[in-house]
$ cat structure-v2.cif   # mmCIF, C-alpha atoms
data_input
loop_
_atom_site.label_atom_id
_atom_site.label_comp_id
_atom_site.auth_asym_id
_atom_site.auth_seq_id
_atom_site.Cartn_x
_atom_site.Cartn_y
_atom_site.Cartn_z
CA MET A 1 -32.45 1.21 -6.52
CA ALA A 2 -30.40 -2.00 -6.35
CA LYS A 3 -30.46 -4.20 -9.39
CA ILE A 4 -32.54 -7.37 -9.06
CA ILE A 5 -30.74 -10.57 -10.03
CA LYS A 6 -33.09 -13.41 -10.92
CA ASP A 7 -32.51 -17.15 -11.12
CA THR A 8 -34.42 -20.42 -11.02
CA ILE A 9 -34.02 -23.73 -9.23
CA HIS A 10 -35.85 -26.98 -9.98
CA ALA A 11 -37.36 -29.54 -7.62
CA LYS A 12 -39.33 -32.57 -8.82
CA GLY A 13 -40.41 -30.84 -12.01
CA ILE A 14 -41.34 -27.55 -10.32
CA GLU A 15 -39.56 -24.36 -11.38
CA ILE A 16 -38.97 -22.09 -8.37
CA GLY A 17 -38.03 -18.45 -8.87
CA ILE A 18 -35.36 -16.70 -6.81
CA TYR A 19 -34.27 -13.09 -6.72
CA THR A 20 -31.66 -11.10 -4.85
CA THR A 21 -30.25 -7.59 -4.84
CA ASP A 22 -27.06 -8.28 -2.89
CA PHE A 23 -26.20 -12.00 -3.32
CA GLU A 24 -26.52 -12.40 0.45
CA ASN A 25 -30.27 -12.21 1.05
CA GLU A 26 -32.12 -14.36 -1.45
CA PHE A 27 -35.89 -14.53 -1.72
CA ILE A 28 -37.49 -17.75 -2.95
CA SER A 29 -40.98 -17.95 -4.40
CA LEU A 30 -43.44 -19.47 -1.93
CA THR A 31 -46.00 -19.35 -4.72
CA ASP A 32 -43.89 -21.69 -6.86
CA ILE A 33 -43.17 -24.03 -3.94
CA ALA A 34 -46.90 -24.20 -3.11
CA ARG A 35 -47.69 -25.36 -6.66
CA TYR A 36 -46.17 -28.72 -5.74
CA LYS A 37 -49.14 -29.22 -3.40
CA SER A 38 -52.01 -27.45 -5.15
CA ASP A 39 -53.17 -25.48 -8.18
CA ASP A 40 -54.26 -22.80 -5.71
CA PRO A 41 -50.92 -21.70 -4.21
CA ALA A 42 -52.37 -18.65 -2.45
CA ALA A 43 -54.69 -20.85 -0.39
CA VAL A 44 -51.79 -23.17 0.52
CA ILE A 45 -49.69 -20.25 1.78
CA GLN A 46 -52.58 -18.85 3.82
CA ASN A 47 -53.23 -22.26 5.41
CA TRP A 48 -49.56 -22.51 6.37
CA MET A 49 -49.63 -19.05 7.95
CA ARG A 50 -52.63 -19.94 10.15
CA ASN A 51 -50.42 -22.20 12.29
CA ARG A 52 -49.23 -20.89 15.64
CA ASP A 53 -45.76 -22.43 15.23
CA VAL A 54 -45.38 -20.68 11.88
CA ILE A 55 -46.40 -17.29 13.30
CA GLU A 56 -43.92 -17.73 16.16
CA PHE A 57 -41.16 -18.66 13.70
CA LEU A 58 -41.89 -15.69 11.44
CA GLY A 59 -41.95 -13.35 14.43
CA LEU A 60 -38.64 -14.67 15.74
CA TRP A 61 -37.00 -14.30 12.33
CA GLU A 62 -38.20 -10.70 12.02
CA THR A 63 -37.06 -9.90 15.57
CA MET A 64 -33.56 -11.12 14.70
CA HIS A 65 -33.27 -9.38 11.33
CA ASN A 66 -35.70 -6.45 11.20
CA PRO A 67 -35.23 -3.44 13.53
CA ASP A 68 -38.52 -1.96 12.27
CA PHE A 69 -40.60 -5.05 13.06
CA ASN A 70 -43.87 -4.33 14.89
CA PRO A 71 -43.85 -6.61 17.98
CA LEU A 72 -47.28 -5.52 19.26
CA GLU A 73 -49.11 -6.70 16.16
CA PHE A 74 -47.06 -9.89 16.23
CA GLU A 75 -48.10 -10.65 19.82
CA GLY A 76 -51.74 -10.24 18.86
CA PHE A 77 -51.37 -12.64 15.93
CA LYS A 78 -49.50 -15.17 18.09
CA LYS A 79 -52.30 -15.27 20.66
CA ALA A 80 -54.98 -15.74 18.02
CA ALA A 81 -53.07 -18.18 15.78
CA GLY A 82 -54.41 -21.72 15.59
CA ALA A 83 -58.01 -20.82 16.41
CA ASN A 84 -60.66 -21.85 13.89
CA ALA A 85 -61.57 -18.22 13.19
CA PHE A 86 -57.95 -17.11 12.70
CA THR A 87 -56.96 -16.19 9.16
CA MET A 88 -53.66 -14.91 7.82
CA SER A 89 -52.32 -13.89 4.43
CA PRO A 90 -48.89 -12.64 3.32
CA GLN A 91 -50.26 -9.15 2.66
CA LYS A 92 -51.95 -8.97 6.05
CA TRP A 93 -48.74 -10.05 7.78
CA ILE A 94 -46.59 -7.59 5.81
CA ASN A 95 -48.90 -4.61 6.36
CA ALA A 96 -49.44 -5.23 10.07
CA THR A 97 -45.93 -6.17 11.19
CA ASN A 98 -43.78 -4.31 8.64
CA SER A 99 -42.24 -7.63 7.65
CA ILE A 100 -39.12 -7.86 5.49
CA GLY A 101 -38.85 -11.66 5.49
CA ILE A 102 -41.95 -12.13 3.36
CA VAL A 103 -42.64 -9.90 0.38
CA SER A 104 -45.39 -9.72 -2.20
CA LYS A 105 -44.40 -8.95 -5.79
CA SER A 106 -46.91 -7.98 -8.46
CA GLY A 107 -46.68 -8.77 -12.14
CA ARG A 108 -48.04 -11.36 -14.52
CA TYR A 109 -44.60 -12.92 -14.87
CA GLY A 110 -42.44 -13.37 -11.80
CA GLY A 111 -45.06 -12.09 -9.37
CA GLY A 112 -46.34 -13.80 -6.25
CA THR A 113 -45.26 -14.29 -2.64
CA PHE A 114 -41.54 -14.54 -1.92
CA ALA A 115 -39.75 -15.23 1.34
CA HIS A 116 -36.18 -15.09 2.58
CA SER A 117 -34.46 -18.44 2.01
CA ASP A 118 -34.58 -19.19 5.77
CA ILE A 119 -38.36 -18.91 5.74
CA ALA A 120 -38.85 -20.54 2.34
CA MET A 121 -37.09 -23.70 3.51
CA GLU A 122 -39.47 -23.91 6.49
CA PHE A 123 -42.40 -23.60 4.11
CA ALA A 124 -40.98 -26.29 1.83
CA SER A 125 -40.59 -28.60 4.84
CA TRP A 126 -44.27 -28.06 5.73
CA ILE A 127 -45.26 -28.88 2.15
CA SER A 128 -43.24 -32.10 2.05
CA ALA A 129 -40.04 -33.28 3.72
CA GLU A 130 -39.06 -35.08 0.51
CA PHE A 131 -39.79 -32.03 -1.63
CA LYS A 132 -37.71 -29.85 0.71
CA LEU A 133 -34.70 -32.11 0.16
CA TYR A 134 -35.02 -31.66 -3.61
CA VAL A 135 -35.29 -27.88 -3.14
CA ILE A 136 -32.19 -27.83 -0.94
CA LYS A 137 -30.26 -30.00 -3.40
CA ASP A 138 -30.78 -27.70 -6.37
CA TYR A 139 -30.40 -24.57 -4.24
CA ARG A 140 -26.96 -25.80 -3.16
CA ARG A 141 -26.10 -26.53 -6.79
CA LEU A 142 -27.04 -22.95 -7.70
CA LYS A 143 -24.95 -21.48 -4.85
CA SER A 144 -21.99 -23.67 -5.75
CA ASP A 145 -22.11 -22.58 -9.39
CA GLU A 146 -22.48 -18.95 -8.36
CA ASN A 147 -19.59 -19.07 -5.87
CA SER A 148 -17.32 -20.80 -8.38
CA ARG A 149 -18.12 -18.21 -11.04
CA LEU A 150 -17.58 -15.25 -8.74
CA SER A 151 -14.42 -16.77 -7.26
CA LEU A 152 -12.98 -17.36 -10.73
CA ASN A 153 -13.78 -13.82 -11.82
CA TRP A 154 -12.25 -12.41 -8.61
CA ASN A 155 -9.04 -14.41 -9.03
CA LEU A 156 -8.68 -13.47 -12.69
CA ASN A 157 -9.07 -9.79 -11.89
CA ARG A 158 -6.66 -10.09 -8.94
CA GLU A 159 -4.06 -11.57 -11.30
CA LEU A 160 -4.76 -8.82 -13.84
CA SER A 161 -4.19 -6.28 -11.08
CA LYS A 162 -0.86 -7.91 -10.25
CA LEU A 163 0.25 -7.75 -13.90
CA ASN A 164 -0.67 -4.08 -14.12
CA TYR A 165 1.15 -3.51 -10.83
CA LYS A 166 4.39 -4.46 -12.64
CA ILE A 167 3.63 -1.86 -15.33
CA HIS A 168 2.94 0.64 -12.58
CA THR A 169 6.18 -0.02 -10.65
CA ASP A 170 8.24 0.06 -13.85
CA ALA A 171 6.87 3.54 -14.63
CA ILE A 172 7.77 4.67 -11.10
CA LYS A 173 11.26 3.20 -11.40
CA GLU A 174 11.96 4.85 -14.76
CA ASN A 175 10.46 8.26 -14.01
CA LEU A 176 10.33 8.90 -10.24
CA ILE A 177 13.24 6.98 -8.72
CA ILE A 178 16.40 9.07 -8.45
CA PRO A 179 19.57 6.90 -8.65
CA GLU A 180 21.05 8.53 -5.54
CA LEU A 181 18.13 7.46 -3.33
CA THR A 182 18.76 4.89 -0.63
CA PRO A 183 16.83 1.57 -0.72
CA ALA A 184 14.60 2.84 2.11
CA GLN A 185 13.87 6.06 0.22
CA LYS A 186 13.08 4.14 -2.96
CA SER A 187 10.71 1.92 -0.98
CA PHE A 188 8.92 5.03 0.28
CA VAL A 189 8.36 6.27 -3.29
CA TYR A 190 6.80 2.97 -4.33
CA ALA A 191 4.58 2.87 -1.22
CA ASP A 192 3.59 6.49 -1.74
CA GLU A 193 2.41 5.78 -5.28
CA ALA A 194 0.57 2.64 -4.17
CA ASP A 195 -1.23 4.70 -1.55
CA LEU A 196 -2.09 7.25 -4.21
CA LEU A 197 -4.14 4.52 -5.92
CA ASN A 198 -5.61 3.40 -2.59
CA VAL A 199 -6.83 6.91 -1.83
CA ALA A 200 -8.16 7.37 -5.37
CA LEU A 201 -10.11 4.09 -5.28
CA PHE A 202 -10.85 3.32 -1.63
CA GLY A 203 -10.64 6.79 -0.09
CA MET A 204 -7.94 5.77 2.41
CA THR A 205 -4.28 4.82 2.69
CA ALA A 206 -3.08 1.32 3.48
CA LYS A 207 -2.13 2.47 6.99
CA GLU A 208 -5.59 3.93 7.59
CA TRP A 209 -7.21 0.69 6.41
CA ARG A 210 -5.01 -1.46 8.67
CA LYS A 211 -5.84 0.75 11.63
CA GLY A 212 -9.55 0.27 11.00
CA ASN A 213 -9.20 -3.49 10.38
CA PRO A 214 -6.73 -4.76 13.01
CA GLY A 215 -7.82 -8.39 12.69
CA LYS A 216 -7.06 -8.69 8.98
CA LYS A 217 -3.59 -9.90 7.99
CA ARG A 218 -3.42 -9.05 4.30
CA SER A 219 -3.86 -5.82 2.34
CA ILE A 220 -7.00 -3.92 1.47
CA ARG A 221 -6.71 -5.20 -2.09
CA ASP A 222 -7.08 -8.82 -0.97
CA TYR A 223 -10.39 -8.08 0.73
CA THR A 224 -12.04 -5.93 -1.92
CA ASP A 225 -14.68 -6.99 -4.44
CA LEU A 226 -14.64 -7.79 -8.13
CA HIS A 227 -15.67 -4.29 -9.21
CA HIS A 228 -12.89 -2.53 -7.31
CA LEU A 229 -10.25 -5.00 -8.50
CA LEU A 230 -11.16 -4.35 -12.11
CA VAL A 231 -10.99 -0.57 -11.61
CA LEU A 232 -7.69 -0.93 -9.72
CA ALA A 233 -6.15 -2.71 -12.69
CA ASN A 234 -7.24 0.17 -14.92
CA LEU A 235 -5.93 2.80 -12.50
CA GLU A 236 -2.49 1.19 -12.35
CA SER A 237 -2.16 1.40 -16.13
CA TYR A 238 -3.57 4.93 -16.20
CA ASN A 239 -1.26 6.17 -13.45
CA ALA A 240 1.74 4.68 -15.27
CA ILE A 241 0.83 6.79 -18.31
CA LEU A 242 0.35 9.93 -16.22
CA ILE A 243 3.71 9.41 -14.52
CA GLU A 244 5.42 9.12 -17.91
CA GLN A 245 3.75 12.41 -18.87
CA ASN A 246 5.39 14.09 -15.84
CA ILE A 247 2.05 15.05 -14.29
CA GLY A 248 2.40 15.94 -10.61
CA GLN A 249 0.97 13.75 -7.88
CA PRO A 250 -1.78 16.14 -6.66
CA GLN A 251 -3.16 16.50 -10.17
CA ARG A 252 -2.83 12.76 -10.78
CA LEU A 253 -4.82 12.04 -7.62
CA GLU A 254 -7.71 14.19 -8.84
CA MET A 255 -7.65 12.57 -12.28
CA LEU A 256 -7.42 9.05 -10.84
CA ARG A 257 -10.22 9.68 -8.34
CA GLU A 258 -12.52 11.01 -11.05
CA THR A 259 -11.73 8.00 -13.26
CA ALA A 260 -12.27 5.55 -10.39
CA LEU A 261 -15.71 6.91 -9.54
CA LYS A 262 -16.79 6.99 -13.17
CA GLN A 263 -15.63 3.42 -13.85
CA LEU A 264 -17.17 2.08 -10.63
CA ARG A 265 -20.56 3.53 -11.59
CA THR A 266 -20.33 1.89 -15.01
CA ILE A 267 -19.13 -1.50 -13.77
CA GLN A 268 -21.61 -1.71 -10.89
CA ALA A 269 -24.44 -1.24 -13.37
CA LEU A 270 -23.39 -4.40 -15.21
CA ASP A 271 -24.91 -7.82 -14.49
CA PHE A 272 -21.90 -9.90 -13.44
CA SER A 273 -24.12 -12.83 -12.48
CA SER A 274 -24.51 -13.76 -16.15
CA LEU A 275 -20.81 -13.38 -16.97
CA LYS A 276 -19.27 -16.60 -18.21
CA ILE A 277 -15.51 -17.05 -18.36
CA LEU A 278 -14.30 -20.02 -20.38
CA THR A 279 -11.43 -22.10 -19.10
CA ILE A 280 -9.18 -23.99 -21.50
CA SER A 281 -11.17 -27.17 -20.86
CA ASP A 282 -14.43 -25.31 -21.56
CA LYS A 283 -13.11 -24.12 -24.90
CA ALA A 284 -11.97 -27.64 -25.77
CA GLU A 285 -15.47 -28.94 -25.03
CA GLU A 286 -17.08 -26.23 -27.17
CA SER A 287 -14.79 -27.04 -30.11
CA LYS A 288 -15.85 -30.71 -30.19
#
$ encode --input "structure-v2.cif" --output "structure tokens"
Amino acid sequence: MAKIIKDTIHAKGIEIGIYTTDFENEFISLTDIARYKSDDPAAVIQNWMRNRDVIEFLGLWETMHNPDFNPLEFEGFKKAAGANAFTMSPQKWINATNSIGIVSKSGRYGGGTFAHSDIAMEFASWISAEFKLYVIKDYRRLKSDENSRLSLNWNLNRELSKLNYKIHTDAIKENLIIPELTPAQKSFVYADEADLLNVALFGMTAKEWRKGNPGKKRSIRDYTDLHHLLVLANLESYNAILIEQNIGQPQRLEMLRETALKQLRTIQALDFSSLKILTISDKAEESK
């Protein structure tokens, strides 16, 4: 099960919960947004969902994003929506249509109705155009902070990988490069060892990756994520040690692959969203 990352944004004194499992699809609490309008947020959400325009919007969103959406139930709701006798609740919508855009979470703390950010912004607009602008403002602040943090971490680990690459190539030069080799042959040895790490970590050579990604100009290492960059840096140092110990390439590949998988499992279990890296200016501020 994917790890749930939680956060909070603020709009006009209202705390609004957010959670995500992949940093791409974020779910914002409709229950918290509704508290801006009433002390009975469940009733507010149900009133919103009675509207025909809302049902049509929800159905369109699910059609675009959810291959398991139930269109027959949706058509029935769309025809009935807006009538005085029509009622709708998040749970009824979820159960009938197999919705993924709106979810209901239980629990005394952090429970309630959540919706994908696309849908939550529509709900906030229905509550109040002014309130929606405050929601958007702090949501953008959160995304900006998150992107800056992740970008900084990625760049630091990319630089670490480059430093370890020098250690790696020095070990190759001192232990695997025969003086009589031509420059082209020496280049092949370096590339062969680099691909050893690619296979150990990514399961493919650089050539195989380029063949599968013809539109990308740089290397596989420039497109990978934070977790893989960190493991790559470790593998470069580890392979340098194995080379110095005169361990053959087939055995090194097995050892590197086992290490890569083990480290990836460990690192992916960590919560990188709370990781704070201090810049020099940050440290200066803290020392005041």
$ resolve_selection --input "structure-v2.cif" --expression "the PyMOL selection byres ((chain A and resi 235) around 8)" --output "MDAnalysis selection string"
chainID A and resid 197 231:234 236:239 256 259:260
$ resolve_selection --input "structure-v2.cif" --expression "the PyMOL selection byres ((chain A and resi 60) around 12)" --output "list in words"
Asp53, Val54, Ile55, Glu56, Phe57, Leu58, Gly59, Trp61, Glu62, Thr63, Met64, His65, Asn66, Pro67, Phe69, Asn70, Pro71, Phe74, Glu75, Lys78, Ser99, Gly101, Asp118 and Ile119 of chain A
$ write_last_selection --input "structure-v2.cif" --atoms "C-alpha atoms" --output "short mmCIF file (atom, residue, chain, number, x, y, z; two decimals), keeping the file's coordinate frame"
data_model
loop_
_atom_site.label_atom_id
_atom_site.label_comp_id
_atom_site.auth_asym_id
_atom_site.auth_seq_id
_atom_site.Cartn_x
_atom_site.Cartn_y
_atom_site.Cartn_z
CA ASP A 53 -45.76 -22.43 15.23
CA VAL A 54 -45.38 -20.68 11.88
CA ILE A 55 -46.40 -17.29 13.30
CA GLU A 56 -43.92 -17.73 16.16
CA PHE A 57 -41.16 -18.66 13.70
CA LEU A 58 -41.89 -15.69 11.44
CA GLY A 59 -41.95 -13.35 14.43
CA TRP A 61 -37.00 -14.30 12.33
CA GLU A 62 -38.20 -10.70 12.02
CA THR A 63 -37.06 -9.90 15.57
CA MET A 64 -33.56 -11.12 14.70
CA HIS A 65 -33.27 -9.38 11.33
CA ASN A 66 -35.70 -6.45 11.20
CA PRO A 67 -35.23 -3.44 13.53
CA PHE A 69 -40.60 -5.05 13.06
CA ASN A 70 -43.87 -4.33 14.89
CA PRO A 71 -43.85 -6.61 17.98
CA PHE A 74 -47.06 -9.89 16.23
CA GLU A 75 -48.10 -10.65 19.82
CA LYS A 78 -49.50 -15.17 18.09
CA SER A 99 -42.24 -7.63 7.65
CA GLY A 101 -38.85 -11.66 5.49
CA ASP A 118 -34.58 -19.19 5.77
CA ILE A 119 -38.36 -18.91 5.74
#
$ closest_residue --input "structure-v2.cif" --among "A:Met49, A:Gln91, A:Trp126, A:Ala43" --to "Ser106 (chain A)" --atoms "only C-alpha atoms"
A:Gln91
$ atom_distance --input "structure-v2.cif" --atom1 "CA of Tyr19 (chain A)" --atom2 "CA of Ile33 (chain A)"
14.4 Å
$ closest_residue --input "structure-v2.cif" --among "A:Ile28, A:Leu253, A:Ile18, A:Val199" --to "Met121 (chain A)" --atoms "only C-alpha atoms"
A:Ile28
$ atom_distance --input "structure-v2.cif" --atom1 "CA of Glu244 (chain A)" --atom2 "CA of Gln263 (chain A)"
22.2 Å
